[in-house]
Every structure is written in C-alpha cells, then in structure tokens.
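**Student:** Below is the file query_36.csv, which contains CSV, C-alpha atoms.
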```csv
chain,number,residue,atom,x,y,z
A,694,ASP,CA,-21.5,34.9,14.7
A,695,PRO,CA,-24.5,37.1,15.4
A,696,ASN,CA,-22.9,39.7,13.2
A,697,ALA,CA,-23.5,37.5,10.2
A,698,PRO,CA,-27.1,38.3,9.0
A,699,ARG,CA,-28.9,35.7,7.0
A,700,PHE,CA,-30.1,37.5,4.0
A,701,ALA,CA,-32.7,36.2,1.6
A,702,ALA,CA,-31.7,32.9,0.0
A,703,PRO,CA,-33.1,30.8,-2.8
A,704,ALA,CA,-36.0,28.6,-1.9
A,705,PRO,CA,-34.9,25.2,-0.6
A,706,ALA,CA,-34.8,22.4,-3.0
A,707,SER,CA,-37.6,19.9,-3.0
A,708,PRO,CA,-38.4,17.6,-1.3
A,709,PHE,CA,-38.9,19.7,1.8
A,710,SER,CA,-36.7,19.1,4.8
A,711,PRO,CA,-36.9,21.0,8.1
A,712,ASP,CA,-33.1,21.1,8.0
A,713,THR,CA,-33.3,23.6,5.1
A,714,LEU,CA,-35.2,26.2,7.1
A,715,VAL,CA,-33.6,29.6,7.5
A,716,SER,CA,-34.6,31.4,10.6
A,717,PRO,CA,-34.3,34.2,11.3
A,718,GLN,CA,-33.9,35.5,7.7
A,719,VAL,CA,-33.0,39.2,7.5
A,720,LEU,CA,-34.3,40.7,4.2
A,721,PRO,CA,-32.5,43.5,2.4
A,722,ASP,CA,-35.1,46.1,3.5
A,723,GLY,CA,-34.7,45.3,7.2
A,724,ARG,CA,-37.7,43.1,7.5
A,725,VAL,CA,-37.1,39.8,9.2
A,726,THR,CA,-38.8,36.4,8.6
A,727,PHE,CA,-39.0,33.9,11.5
A,728,ARG,CA,-39.8,30.2,10.9
A,729,ILE,CA,-40.3,27.1,12.9
A,730,TYR,CA,-41.2,23.5,11.8
A,731,ALA,CA,-44.0,22.3,14.0
A,732,PRO,CA,-46.5,20.3,11.9
A,733,LYS,CA,-48.5,19.0,14.9
A,734,ALA,CA,-48.8,22.4,16.6
A,735,SER,CA,-52.1,24.3,16.7
A,736,GLU,CA,-50.6,27.8,17.3
A,737,ALA,CA,-47.3,29.6,17.4
A,738,ALA,CA,-46.4,33.2,18.3
A,739,LEU,CA,-43.3,35.5,18.3
A,740,ASP,CA,-42.2,37.9,21.0
A,741,GLY,CA,-39.2,40.2,20.8
A,742,ASP,CA,-37.6,43.1,22.7
A,743,TRP,CA,-38.2,45.4,19.8
A,744,ILE,CA,-41.9,45.2,20.6
A,745,THR,CA,-41.5,46.8,24.1
A,746,GLN,CA,-39.4,49.5,22.4
A,747,GLY,CA,-42.3,50.3,20.1
A,748,LEU,CA,-40.0,49.4,17.1
A,749,GLY,CA,-42.2,46.7,15.5
A,750,ALA,CA,-44.7,44.0,16.0
A,751,GLY,CA,-44.7,40.3,16.7
A,752,GLY,CA,-47.7,38.0,17.3
A,753,PRO,CA,-49.1,34.9,15.7
A,754,LEU,CA,-47.3,32.9,13.0
A,755,GLN,CA,-49.1,31.4,10.0
A,756,LYS,CA,-48.8,27.7,9.2
A,757,ASP,CA,-48.2,26.4,5.6
A,758,ASP,CA,-49.1,22.9,4.2
A,759,GLN,CA,-45.6,21.6,5.0
A,760,GLY,CA,-46.0,22.3,8.8
A,761,VAL,CA,-43.8,25.4,8.8
A,762,TRP,CA,-45.0,28.4,10.8
A,763,SER,CA,-43.7,31.8,9.8
A,764,ILE,CA,-44.1,35.5,10.3
A,765,THR,CA,-42.4,38.5,8.7
A,766,VAL,CA,-42.0,41.7,10.9
A,767,GLY,CA,-40.4,45.1,10.4
A,768,PRO,CA,-38.5,46.6,9.0
A,769,LEU,CA,-36.5,46.7,12.2
A,770,ALA,CA,-33.9,49.4,12.8
A,771,PRO,CA,-30.3,48.1,12.7
A,772,ASP,CA,-29.5,46.6,16.1
A,773,PHE,CA,-29.2,43.4,18.1
A,774,TYR,CA,-32.5,42.0,19.4
A,775,MET,CA,-33.7,39.2,21.6
A,776,TYR,CA,-36.7,37.0,20.8
A,777,THR,CA,-38.6,33.9,21.7
A,778,LEU,CA,-41.2,31.7,20.2
A,779,THR,CA,-44.2,30.1,21.9
A,780,VAL,CA,-45.6,26.9,20.4
A,781,ASP,CA,-48.9,25.6,21.8
A,782,GLY,CA,-48.3,27.6,24.9
A,783,VAL,CA,-44.8,26.4,25.5
A,784,LEU,CA,-42.0,29.0,25.5
A,785,THR,CA,-39.1,27.9,23.3
A,786,ILE,CA,-36.1,29.1,21.3
A,787,ASP,CA,-35.7,29.1,17.6
A,788,PRO,CA,-34.1,25.8,16.8
A,789,GLN,CA,-32.6,27.1,13.6
A,790,ASN,CA,-30.7,30.0,15.3
A,791,ARG,CA,-27.5,29.1,17.1
A,792,GLU,CA,-27.1,32.5,18.7
A,793,ILE,CA,-28.4,32.2,22.3
A,794,LYS,CA,-28.6,34.7,25.1
A,795,GLN,CA,-28.1,32.9,28.4
A,796,GLY,CA,-28.6,33.9,32.0
A,797,THR,CA,-30.7,32.9,35.0
A,798,ALA,CA,-33.9,33.7,33.1
A,799,PRO,CA,-35.2,31.5,30.2
A,800,LEU,CA,-33.1,31.3,27.1
A,801,LYS,CA,-33.6,33.7,24.3
A,802,ASN,CA,-32.3,33.9,20.7
A,803,ILE,CA,-30.2,36.8,19.4
A,804,LEU,CA,-30.9,38.5,16.1
A,805,PHE,CA,-28.7,41.0,14.3
A,806,VAL,CA,-30.1,43.5,11.8
A,807,PRO,CA,-27.1,45.3,10.1
A,808,GLY,CA,-26.9,49.0,9.3
A,809,ASP,CA,-25.1,52.2,10.2
A,810,GLU,CA,-26.9,52.7,13.5
A,811,ALA,CA,-25.5,49.4,14.7
A,812,ARG,CA,-21.9,50.0,13.7
A,813,PHE,CA,-20.9,51.0,17.3
A,814,GLU,CA,-21.7,47.4,18.5
A,815,GLU,CA,-21.0,45.2,15.5
A,816,THR,CA,-17.9,43.0,15.0
A,817,ARG,CA,-15.7,45.2,12.8
A,818,PRO,CA,-12.2,44.7,11.4
A,819,VAL,CA,-10.5,46.6,14.2
A,820,PRO,CA,-8.0,45.3,16.9
A,821,HIS,CA,-9.9,43.2,19.4
A,822,GLY,CA,-9.5,42.8,23.1
A,823,GLU,CA,-10.2,39.5,24.9
A,824,VAL,CA,-13.0,38.5,27.3
A,825,ARG,CA,-11.6,36.0,29.9
A,826,THR,CA,-13.7,33.8,32.2
A,827,VAL,CA,-12.2,34.0,35.7
A,828,TRP,CA,-13.3,31.6,38.4
A,829,TYR,CA,-12.7,32.4,42.1
A,830,ASP,CA,-13.8,31.3,45.5
A,831,SER,CA,-16.3,33.6,47.2
A,832,PRO,CA,-16.6,33.4,51.0
A,833,ALA,CA,-19.4,35.9,50.9
A,834,VAL,CA,-21.6,33.8,48.6
A,835,GLY,CA,-20.2,30.5,49.6
A,836,GLY,CA,-18.5,28.5,46.7
A,837,ALA,CA,-17.1,29.1,43.3
A,838,ARG,CA,-18.2,32.1,41.3
A,839,SER,CA,-17.2,33.4,37.8
A,840,MET,CA,-16.7,36.8,36.3
A,841,ARG,CA,-15.8,38.0,32.9
A,842,VAL,CA,-12.8,40.3,32.4
A,843,TYR,CA,-12.3,42.4,29.2
A,844,THR,CA,-8.7,43.3,28.4
A,845,PRO,CA,-7.9,45.8,25.7
A,846,PRO,CA,-6.1,44.8,22.4
A,847,ASP,CA,-2.4,44.0,22.9
A,848,TYR,CA,-2.8,43.7,26.7
A,849,ASP,CA,-0.4,40.7,26.8
A,850,LEU,CA,2.1,42.4,24.6
A,851,SER,CA,2.9,45.4,26.9
A,852,ASP,CA,3.5,46.2,30.6
A,853,GLN,CA,1.0,49.1,30.5
A,854,THR,CA,-1.3,49.6,33.4
A,855,TYR,CA,-5.0,50.4,33.0
A,856,PRO,CA,-8.0,52.0,34.8
A,857,VAL,CA,-10.8,49.6,35.6
A,858,LEU,CA,-14.6,49.7,35.1
A,859,TYR,CA,-16.7,47.3,37.2
A,860,LEU,CA,-19.8,46.7,35.0
A,861,ILE,CA,-22.8,44.9,36.5
A,862,HIS,CA,-25.7,43.2,34.6
A,863,GLY,CA,-29.4,43.2,35.5
A,864,GLY,CA,-31.8,40.8,37.0
A,865,GLY,CA,-32.3,37.5,35.1
A,866,ASP,CA,-28.7,37.6,33.8
A,867,ASP,CA,-25.3,36.6,35.1
A,868,ASP,CA,-21.7,37.5,34.3
A,869,ARG,CA,-22.1,36.4,30.7
A,870,ALA,CA,-24.6,39.1,29.8
A,871,TRP,CA,-22.5,42.2,29.1
A,872,SER,CA,-20.1,40.2,26.9
A,873,THR,CA,-22.9,38.5,24.9
A,874,ILE,CA,-26.1,40.4,24.3
A,875,GLY,CA,-24.4,43.5,25.9
A,876,ARG,CA,-21.7,43.5,23.2
A,877,ALA,CA,-19.4,45.3,25.7
A,878,SER,CA,-16.1,44.0,24.2
A,879,PHE,CA,-17.1,45.0,20.6
A,880,ILE,CA,-18.4,48.4,21.8
A,881,MET,CA,-15.1,49.0,23.5
A,882,ASP,CA,-13.0,47.7,20.6
A,883,ASN,CA,-14.8,50.1,18.2
A,884,LEU,CA,-14.5,53.1,20.5
A,885,LEU,CA,-10.8,52.4,21.0
A,886,ALA,CA,-10.3,52.1,17.2
A,887,GLU,CA,-12.0,55.5,16.8
A,888,GLY,CA,-9.9,57.1,19.6
A,889,LYS,CA,-13.1,57.9,21.6
A,890,VAL,CA,-12.3,56.1,24.8
A,891,GLU,CA,-9.3,55.5,27.1
A,892,PRO,CA,-8.0,51.9,27.1
A,893,MET,CA,-9.4,50.2,30.2
A,894,ILE,CA,-10.1,46.8,31.8
A,895,ILE,CA,-13.7,46.0,32.3
A,896,VAL,CA,-14.7,43.6,35.0
A,897,MET,CA,-18.1,42.0,34.6
A,898,PRO,CA,-19.1,40.2,37.8
A,899,ASN,CA,-22.0,38.0,38.5
A,900,GLY,CA,-24.4,40.3,40.4
A,901,THR,CA,-27.0,37.6,40.9
A,902,VAL,CA,-26.9,36.1,44.4
A,903,ALA,CA,-29.2,33.3,45.5
A,904,ARG,CA,-29.1,32.1,49.1
A,905,PRO,CA,-31.6,29.9,51.0
A,906,GLY,CA,-34.1,31.9,53.0
A,907,PHE,CA,-33.6,35.0,50.9
A,908,SER,CA,-36.5,34.6,48.4
A,909,TYR,CA,-38.0,37.8,47.2
A,910,ARG,CA,-40.3,36.4,44.5
A,911,LEU,CA,-43.7,37.0,46.2
A,912,VAL,CA,-46.9,35.6,44.8
A,913,GLY,CA,-50.5,35.8,45.8
A,914,ALA,CA,-53.0,38.5,46.6
A,915,ASP,CA,-51.0,39.7,49.6
A,916,ARG,CA,-47.9,40.6,47.6
A,917,PHE,CA,-49.0,44.2,47.6
A,918,SER,CA,-49.5,44.4,51.4
A,919,PRO,CA,-47.1,46.6,53.4
A,920,ALA,CA,-45.7,43.5,55.2
A,921,ALA,CA,-45.0,41.8,51.9
A,922,ILE,CA,-43.4,44.8,50.4
A,923,LYS,CA,-41.2,45.3,53.5
A,924,ALA,CA,-40.2,41.6,53.4
A,925,ARG,CA,-39.3,41.9,49.7
A,926,ILE,CA,-37.1,45.0,50.3
A,927,GLU,CA,-35.4,43.4,53.2
A,928,ALA,CA,-34.7,40.2,51.2
A,929,ILE,CA,-33.3,42.1,48.2
A,930,SER,CA,-31.2,44.3,50.5
A,931,LYS,CA,-29.6,41.2,52.1
A,932,LEU,CA,-28.9,39.7,48.7
A,933,HIS,CA,-27.3,42.9,47.4
A,934,ASP,CA,-25.3,43.3,50.6
A,935,ILE,CA,-23.8,39.8,49.9
A,936,PHE,CA,-22.9,40.9,46.4
A,937,VAL,CA,-21.3,44.1,47.7
A,938,GLU,CA,-19.2,42.0,50.2
A,939,ASP,CA,-18.2,39.7,47.3
A,940,LEU,CA,-17.2,42.7,45.2
A,941,LEU,CA,-15.1,44.3,47.9
A,942,THR,CA,-13.5,41.3,49.5
A,943,ALA,CA,-13.0,38.8,46.7
A,944,ILE,CA,-13.5,40.4,43.2
A,945,MET,CA,-11.6,43.6,43.5
A,946,PRO,CA,-8.6,42.1,45.4
A,947,LEU,CA,-8.3,39.4,42.8
A,948,VAL,CA,-8.5,41.8,39.9
A,949,GLU,CA,-5.9,44.1,41.5
A,950,LYS,CA,-3.6,41.1,42.1
A,951,ARG,CA,-4.0,39.4,38.8
A,952,TYR,CA,-4.4,42.3,36.3
A,953,ARG,CA,-2.4,45.4,35.6
A,954,VAL,CA,-5.0,47.8,37.0
A,955,ARG,CA,-4.4,51.2,38.5
A,956,ALA,CA,-5.6,50.6,42.1
A,957,SER,CA,-6.6,54.2,43.0
A,958,ARG,CA,-10.0,55.8,43.3
A,959,ASP,CA,-9.6,58.1,40.4
A,960,GLN,CA,-8.8,55.1,38.2
A,961,ARG,CA,-11.9,53.1,39.2
A,962,ALA,CA,-15.5,53.4,38.0
A,963,ILE,CA,-18.6,51.3,38.6
A,964,ALA,CA,-21.8,51.1,36.7
A,965,GLY,CA,-24.8,48.7,36.4
A,966,LEU,CA,-28.1,48.3,34.7
A,967,SER,CA,-31.5,47.7,36.5
A,968,MET,CA,-30.6,45.3,39.4
A,969,GLY,CA,-26.9,46.1,38.8
A,970,GLY,CA,-27.8,49.8,39.0
A,971,ALA,CA,-29.4,49.1,42.4
A,972,GLU,CA,-26.2,47.3,43.4
A,973,THR,CA,-24.1,50.2,42.2
A,974,LEU,CA,-26.2,52.6,44.3
A,975,ARG,CA,-25.7,50.3,47.2
A,976,VAL,CA,-21.9,50.4,47.1
A,977,ALA,CA,-20.6,53.5,45.4
A,978,PRO,CA,-21.9,56.5,47.3
A,979,ARG,CA,-20.7,55.0,50.6
A,980,ARG,CA,-17.3,54.5,49.1
A,981,VAL,CA,-16.2,57.7,47.4
A,982,ASP,CA,-12.7,56.8,48.5
A,983,MET,CA,-12.8,53.8,46.1
A,984,PHE,CA,-14.8,55.0,43.0
A,985,ALA,CA,-14.6,58.3,41.1
A,986,ALA,CA,-17.2,57.6,38.6
A,987,ILE,CA,-20.7,56.1,38.9
A,988,GLY,CA,-23.1,54.9,36.2
A,989,VAL,CA,-26.7,54.0,36.8
A,990,PHE,CA,-28.8,52.6,33.8
A,991,SER,CA,-32.5,52.1,34.2
A,992,MET,CA,-32.6,52.2,38.0
A,993,GLY,CA,-33.1,54.8,40.7
A,994,LEU,CA,-35.0,55.2,44.0
A,995,GLN,CA,-38.1,53.1,43.4
A,996,VAL,CA,-40.7,52.8,46.2
A,997,GLY,CA,-43.5,50.3,46.7
A,998,GLU,CA,-43.8,46.7,45.5
A,999,ASP,CA,-41.1,47.2,42.9
A,1000,ALA,CA,-38.6,48.9,45.3
A,1001,GLY,CA,-35.1,47.6,45.3
A,1002,VAL,CA,-32.7,48.5,48.1
A,1003,ASN,CA,-32.7,52.3,47.9
A,1004,THR,CA,-35.8,53.4,49.9
A,1005,ASP,CA,-33.4,54.7,52.6
A,1006,PHE,CA,-30.9,56.1,50.1
A,1007,GLU,CA,-30.4,59.6,51.7
A,1008,GLU,CA,-30.2,58.3,55.2
A,1009,ARG,CA,-27.8,55.5,54.3
A,1010,ASN,CA,-25.5,57.8,52.4
A,1011,ALA,CA,-25.5,60.7,54.9
A,1012,ASP,CA,-21.8,61.3,54.4
A,1013,PHE,CA,-22.2,61.5,50.7
A,1014,PHE,CA,-24.7,64.3,51.0
A,1015,ALA,CA,-23.2,66.1,54.0
A,1016,ASP,CA,-20.7,68.1,52.0
A,1017,PRO,CA,-21.8,68.5,48.4
A,1018,ASP,CA,-18.7,70.5,47.4
A,1019,ARG,CA,-16.4,67.7,48.7
A,1020,THR,CA,-18.5,65.0,47.0
A,1021,ASN,CA,-18.4,66.9,43.7
A,1022,GLN,CA,-14.7,67.1,43.9
A,1023,LEU,CA,-14.3,63.4,44.5
A,1024,ILE,CA,-17.0,62.1,42.1
A,1025,LYS,CA,-15.9,63.0,38.6
A,1026,LEU,CA,-18.9,61.6,36.9
A,1027,PHE,CA,-22.4,60.5,38.1
A,1028,TRP,CA,-24.2,59.4,35.0
A,1029,ILE,CA,-27.9,58.3,34.9
A,1030,GLY,CA,-29.7,57.0,31.8
A,1031,ALA,CA,-33.3,55.6,31.4
A,1032,GLY,CA,-35.8,55.4,28.6
A,1033,GLU,CA,-39.0,57.4,28.6
A,1034,ASN,CA,-41.0,54.1,28.5
A,1035,ASP,CA,-38.8,52.3,31.0
A,1036,ARG,CA,-40.8,50.9,33.9
A,1037,THR,CA,-38.2,52.4,36.3
A,1038,ILE,CA,-38.3,56.0,34.9
A,1039,THR,CA,-41.0,57.8,36.9
A,1040,ASP,CA,-40.3,56.8,40.5
A,1041,GLY,CA,-36.8,55.5,39.8
A,1042,ALA,CA,-34.4,57.4,37.6
A,1043,ARG,CA,-36.3,60.7,37.8
A,1044,ARG,CA,-36.5,60.4,41.6
A,1045,LEU,CA,-32.7,59.8,41.7
A,1046,ASP,CA,-32.2,62.8,39.5
A,1047,GLU,CA,-34.4,65.0,41.6
A,1048,THR,CA,-32.8,63.8,44.8
A,1049,LEU,CA,-29.3,64.5,43.6
A,1050,THR,CA,-30.3,67.9,42.2
A,1051,ARG,CA,-32.0,68.9,45.5
A,1052,ARG,CA,-28.9,67.8,47.5
A,1053,GLY,CA,-26.5,69.7,45.2
A,1054,ILE,CA,-24.7,66.6,43.8
A,1055,ARG,CA,-23.4,67.2,40.2
A,1056,HIS,CA,-24.6,64.5,37.8
A,1057,GLU,CA,-25.9,63.9,34.3
A,1058,PHE,CA,-29.4,62.6,33.6
A,1059,HIS,CA,-30.2,61.3,30.2
A,1060,GLU,CA,-33.8,60.4,29.4
A,1061,THR,CA,-33.8,58.6,26.1
A,1062,SER,CA,-36.4,56.9,24.0
A,1063,GLY,CA,-37.3,53.3,24.5
A,1064,GLY,CA,-37.8,51.1,27.5
A,1065,HIS,CA,-36.2,48.6,29.9
A,1066,THR,CA,-34.1,46.6,27.3
A,1067,TRP,CA,-30.6,45.9,26.1
A,1068,ILE,CA,-31.4,48.0,23.1
A,1069,ASN,CA,-30.9,51.0,25.4
A,1070,TRP,CA,-28.2,49.6,27.7
A,1071,ARG,CA,-25.7,49.0,25.0
A,1072,LYS,CA,-26.1,52.6,23.9
A,1073,TYR,CA,-25.6,53.8,27.5
A,1074,LEU,CA,-22.3,52.0,27.7
A,1075,ARG,CA,-21.3,53.6,24.4
A,1076,ASP,CA,-22.1,57.0,25.7
A,1077,PHE,CA,-20.8,56.5,29.3
A,1078,ALA,CA,-17.4,54.9,28.6
A,1079,PRO,CA,-15.8,57.8,26.7
A,1080,LEU,CA,-16.4,60.1,29.7
A,1081,LEU,CA,-14.3,57.9,32.0
A,1082,PHE,CA,-10.7,58.5,33.0
A,1083,ARG,CA,-10.2,61.6,31.0
A,1084,GLY,CA,-8.1,63.4,33.6
```
For this file, produce the structure as structure tokens.
**Tutor:**
Amino acid sequence: DPNAPRFAAPAPASPFSPDTLVSPQVLPDGRVTFRIYAPKASEAALDGDWITQGLGAGGPLQKDDQGVWSITVGPLAPDFYMYTLTVDGVLTIDPQNREIKQGTAPLKNILFVPGDEARFEETRPVPHGEVRTVWYDSPAVGGARSMRVYTPPDYDLSDQTYPVLYLIHGGGDDDRAWSTIGRASFIMDNLLAEGKVEPMIIVMPNGTVARPGFSYRLVGADRFSPAAIKARIEAISKLHDIFVEDLLTAIMPLVEKRYRVRASRDQRAIAGLSMGGAETLRVAPRRVDMFAAIGVFSMGLQVGEDAGVNTDFEERNADFFADPDRTNQLIKLFWIGAGENDRTITDGARRLDETLTRRGIRHEFHETSGGHTWINWRKYLRDFAPLLFRG
C-alpha cells in the first residue's frame, strides 16, 4: 500500500544483506532516503517528479563500503511522487519498492510522504468504492481494449442511478493511470465522505491509440521543419479521432448498457490531462448535446512542433462559438487548470483561456503553481469534481 510510509527503522543486523535494505525510507521530518545495492556500479543517480515542481533535489547517490548507494532528499511536502534511478547509465526502478506506476512509458516507482496536505488523496478509513477492469471489443481501434470504471460505495447494494464522468489520462499512460498514480478512487471516496461531491461513476478509458502508419515520434534535424510539424499534427489528429470514435461507438454505449448511469447530457462530464485534454477538446465542444461539463488539465491550443490536434480549434468548432448565449446555457462548466511552470501553459492553456474569453464562452481558468505532473493533476480532480452535477 503506497499509503504506508516507511519511517526510520533500526539499522539492519550484521552481517549485511541487500534484502534488509529499506528504500524509500520516509523520515519523520519529511526527508526521504533512497538506497540501491549495486556493488559493481560506478555511478547512480535519482530523478523524481518533485524536482520539476521545484519542491526538492535529486542527483548523484553516494556509495558505501558495502556496495549500497544512497541519497537523502527533502524534506518533501506531503504527497505522492514518482521517481526512477539510473545506474551506470541504465534507467531502472527501485528494487526495494513494490509500488510501481505502469503505463506505456518506462516504469516508475511511487513514493508517499504523509501529512495534512495529502489527506485528500490518501487511503483513509471511509467507505470505499470499487475500481473495475472492463474489457471490451473496439472496432475503431481493432481488437480488445480495457478501461477502468469507478463505482461509488454501496453501488451494488442499491438501485440508484448516477451521473458519469469520463476521465482521460495523458501521454505515456493508459487506463490504469488515474486509478493508480492518479488516486482517483481515493480522492472521490474522501470527497464523498466529506459531503463535497455528488456520487458519480467515473469511466477511465485508454486514451492511447497506436496504429501502423500513424507514428508521430519524429527525430532528426528536420523535426522542426514545417513539413514535419504538419505531418506530426496530422498523425496525432488521426490517432485522436480513432479514440473519439472508440469513445462514442464502443465505450459510452457499453457503459450505459452495463452500469446504472443517467444517460442524458446534463448528467455527463468529460475531462482529461495533457494528451487526454487534447482528446477532450477534440470531442466535447462539437457535442454539446452529449456533455454538459468539460475539464482540461495542462492542455490548450498549442502551436508549432508541440502542437496537438487543436490548431484549427475555432474553425472545427464553429457551431460551438456561433451562439455564445446558447453554448453558455448548455455547458454548465468549462474548467481549465495548468501550472505556471507547465510546458503547455503559455501557448496552450492561456491561449485556450484567451480564445474562450474573446468568443464569449463562460469558463474557469486556474493557473496554479507547479508544472506538468501528477502532483497537479490529482489536485485538479479534487477541485473539479465537486463542481459537477450540482443542479
């Protein structure tokens, strides 16, 4: 359980064994010690998402005479963090830490530093919902796909119906992300226990689509050329269109058949982070008859080499902008969040905010501290969810 921090323990008994190593070790003052046994290595280093947030340091580990490399960092603010180790140039996970963040990107470890600031996301003694793995056939993608579905506490003990939030992860992740490092189920459990949120079903689909011929990972000196940028945008657009088709033709019909959801526009919301935010912008404004609330985390209207699929946002969503009064009646909430150090903030989230303001579309824009990490996205879910389905 990543909620179970490893506080300082007595030194291991002699003779030394690598099996006795504790890593990570959360000290009472919030500092954290990381260790790895690598007696033949010549160097080792630590990297973590707290570094990009400006919350602490990482860097080289020091080796002792038993072959144990270690580093102590912090103190770190109470939160969940991701980290990796590099040993002799090879990226690796911490073999002493069983808590792993999986996805389509390389594995990372999960670390929990307890404290009041993290109570909204920790595993607390409150009624808990369930996260179910649901497999389905996807004609759009071609083959079997999975999604995660959160059901509120006591879902199986009643005949109550629920609104539904479709919640999409970012690039490098899959449908596991929001229920693991994203802590979505625990965030919702805690909000429900405090009476801060309406009970809802959360559908966490796999937003990552890979199809032959649709590569967008460009390399080489020409990656910045206009032709390469155009090809990248077109490729990403195709991939995201496939996901949108999967969402509309397979995922939503299955959810509305299998779960007790209220299948009406005012009882549906959609949100996503980074890549998932781009996919949200790809689907929601064109379908105001289906979604009444929109959430975009760390994404917007990027241009250039990092552009997603939204360079033609205004043209593609002409109906959305044609009658702002009508749109503002239909869209109950359009919520945008991004950190001041987020790589998407300047020409992404701010551009989206400016575009919506110029076109008279009511929305909320929250520019927070921090960068492009789960440290922010969990907080955005905490702040976004209580605003949903409130009448």
**Student:** Would you give me, as a Markdown table, each residue of segment 974-1083 of chain A having an atom within 8 Å of an atom of segment 731-749 of chain A, along with its shortest atom pair and that distance in Å to one decimal, using all atoms listed in the file and sorting by chain and residue number?
**Tutor:**
```
| residue | atom | partner | partner_atom | distance |
| --- | --- | --- | --- | --- |
| A:Asn1034 | CA | A:Gln746 | CA | 7.8 |
| A:Gly1063 | CA | A:Gln746 | CA | 4.8 |
| A:Gly1064 | CA | A:Gln746 | CA | 5.6 |
| A:Thr1066 | CA | A:Asp742 | CA | 6.8 |
| A:Ile1068 | CA | A:Asp742 | CA | 7.9 |
```
**Student:** What's the separation between atom CA of Pro799 of chain A and atom CA of Gln759 of chain A, in Å to one decimal place?
**Tutor:** 29.0 Å
**Student:** One number please: atom CA of Glu1033 of chain A to atom CA of Glu1060 of chain A, in Å, one decimal.
**Tutor:**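 Between atom CA of Glu1033 of chain A and atom CA of Glu1060 of chain A the gap works out to 6.1 Å.
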**Student:** Tell me, in Å to one decimal, how far atom CA of Ile1024 of chain A is from atom CA of Met983 of chain A.
**Tutor:**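 For atom CA of Ile1024 of chain A relative to atom CA of Met983 of chain A, the distance reads 10.1 Å.
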**Student:** What's around Tyr952 of chain A at 10 Å? Count all atoms listed in the file, leave out sequence neighbours fewer than 3 positions away in its own chain, and write the answer as a list in words.
**Tutor:**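 Non-adjacent residues within range: Val842, Thr844, Tyr848, Thr854, Tyr855, Val857, Ile894, Leu947, Val948, Glu949 and Arg955 of chain A.
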**Student:** So that I have them on file, write out the residues from the current selection with C-alpha atoms, as a PDB file, in the coordinates of the input.
**Tutor:**
```pdb
ATOM      1  CA  VAL A 842     -12.800  40.300  32.400  1.00  0.00           C
ATOM      2  CA  THR A 844      -8.700  43.300  28.400  1.00  0.00           C
ATOM      3  CA  TYR A 848      -2.800  43.700  26.700  1.00  0.00           C
ATOM      4  CA  THR A 854      -1.300  49.600  33.400  1.00  0.00           C
ATOM      5  CA  TYR A 855      -5.000  50.400  33.000  1.00  0.00           C
ATOM      6  CA  VAL A 857     -10.800  49.600  35.600  1.00  0.00           C
ATOM      7  CA  ILE A 894     -10.100  46.800  31.800  1.00  0.00           C
ATOM      8  CA  LEU A 947      -8.300  39.400  42.800  1.00  0.00           C
ATOM      9  CA  VAL A 948      -8.500  41.800  39.900  1.00  0.00           C
ATOM     10  CA  GLU A 949      -5.900  44.100  41.500  1.00  0.00           C
ATOM     11  CA  ARG A 955      -4.400  51.200  38.500  1.00  0.00           C
TER      12      ARG A 955
END
```
**Student:** Which polymer residues, whether protein, DNA or RNA, lie within 10 Å of the coordinate (-32.0, 38.5, 37.3) when you count all atoms listed in the file? List them as a ChimeraX atom specification, using the chain letters and numbers from the file.
**Tutor:** /A:796-798,862-867,900-902,967-969
**Student:** Within 9 Å of Pro820 of chain A, counting all atoms listed in the file, which residues qualify if same-chain residues fewer than 4 places away don't, as a list in words?
**Tutor:**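 What passes the distance filter is Pro845, Pro846, Asp847, Asp882, Asn883, Leu885 and Ala886 of chain A.
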**Student:** From the list A:Tyr730, A:Arg1075, A:Leu1049, A:Ala1015, which residue is nearest Asp758 of chain A when using only C-alpha atoms?
**Tutor:**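 Of A:Tyr730, A:Arg1075, A:Leu1049, A:Ala1015, the one nearest Asp758 of chain A is A:Tyr730, counting only C-alpha atoms.
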**Student:** Residues near Tyr1073 of chain A, anyone? I mean within 9 Å using only C-alpha atoms, not counting same-chain ones fewer than 4 positions away, as a CSV table (one decimal) with C-alpha atoms, in the frame of the given file.
**Tutor:**
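What follows is the written file out_25.csv:
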```
chain,number,residue,atom,x,y,z
A,990,PHE,CA,-28.8,52.6,33.8
A,1029,ILE,CA,-27.9,58.3,34.9
A,1030,GLY,CA,-29.7,57.0,31.8
A,1031,ALA,CA,-33.3,55.6,31.4
A,1069,ASN,CA,-30.9,51.0,25.4
A,1077,PHE,CA,-20.8,56.5,29.3
A,1078,ALA,CA,-17.4,54.9,28.6
```
**Student:** Which residue gives the smallest distance to Pro788 of chain A among A:Val989, A:Val761, A:Ile729, A:Val766, with all atoms listed in the file counted?
**Tutor:** A:Ile729
**Student:** I'd like the contact shell of Gln795 of chain A - 8 Å cut-off, all atoms listed in the file, skipping same-chain residues fewer than 5 positions apart - returned as a VMD selection string.
**Tutor:** chain A and resid 800 to 801 866 869 to 870
**Student:** So which one's closest to Lys1072 of chain A, A:Ala1011, A:Leu974, A:Ala750, A:Ile880? Using all atoms listed in the file, please.
**Tutor:**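 Result for the nearest residue to Lys1072 of chain A: A:Ile880.
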**Student:** Please tell me which residues are no farther than 12 Å from (-34.5, 53.4, 12.4) in the file, counting all atoms listed in the file, and write them as a PyMOL selection string.
**Tutor:** chain A and resi 722-724+743+746-749+767-772+806-811
**Student:** Give the answer as one residue: which of A:Leu778, A:Ala920, A:Met897, A:Ala877 has the shortest atom-to-atom distance to Val827 of chain A, using all atoms listed in the file?
**Tutor:**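 Of A:Leu778, A:Ala920, A:Met897, A:Ala877, the one nearest Val827 of chain A is A:Met897, counting all atoms listed in the file.
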**Student:** Skip segment 932-936 of chain A itself and residues of its chain fewer than 2 positions away, then list as JSON, numbers by chain all residues within 12 Å of it, counting only C-alpha atoms.
**Tutor:** {"A": [831, 832, 833, 834, 835, 838, 861, 864, 898, 899, 900, 901, 902, 903, 904, 905, 906, 907, 908, 909, 925, 926, 927, 928, 929, 930, 938, 939, 940, 941, 942, 943, 944, 945, 968, 969, 970, 971, 972, 973, 974, 975, 976, 1001, 1002, 1003]}
**Student:** Name the closest residue to Glu792 of chain A among the candidates A:Pro717, A:Gly752, A:Pro856, A:Gly760; distances are taken between atoms, counting all atoms listed in the file.
**Tutor:**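 Counting all atoms listed in the file, the residue closest to Glu792 of chain A is A:Pro717.
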**Student:** Find, counting only C-alpha atoms, the residue in A:Ala924, A:Ile793, A:Leu860, A:Ile1054 that gets nearest to Ile895 of chain A.
**Tutor:**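 Of A:Ala924, A:Ile793, A:Leu860, A:Ile1054, the one nearest Ile895 of chain A, counting only C-alpha atoms, is A:Leu860.
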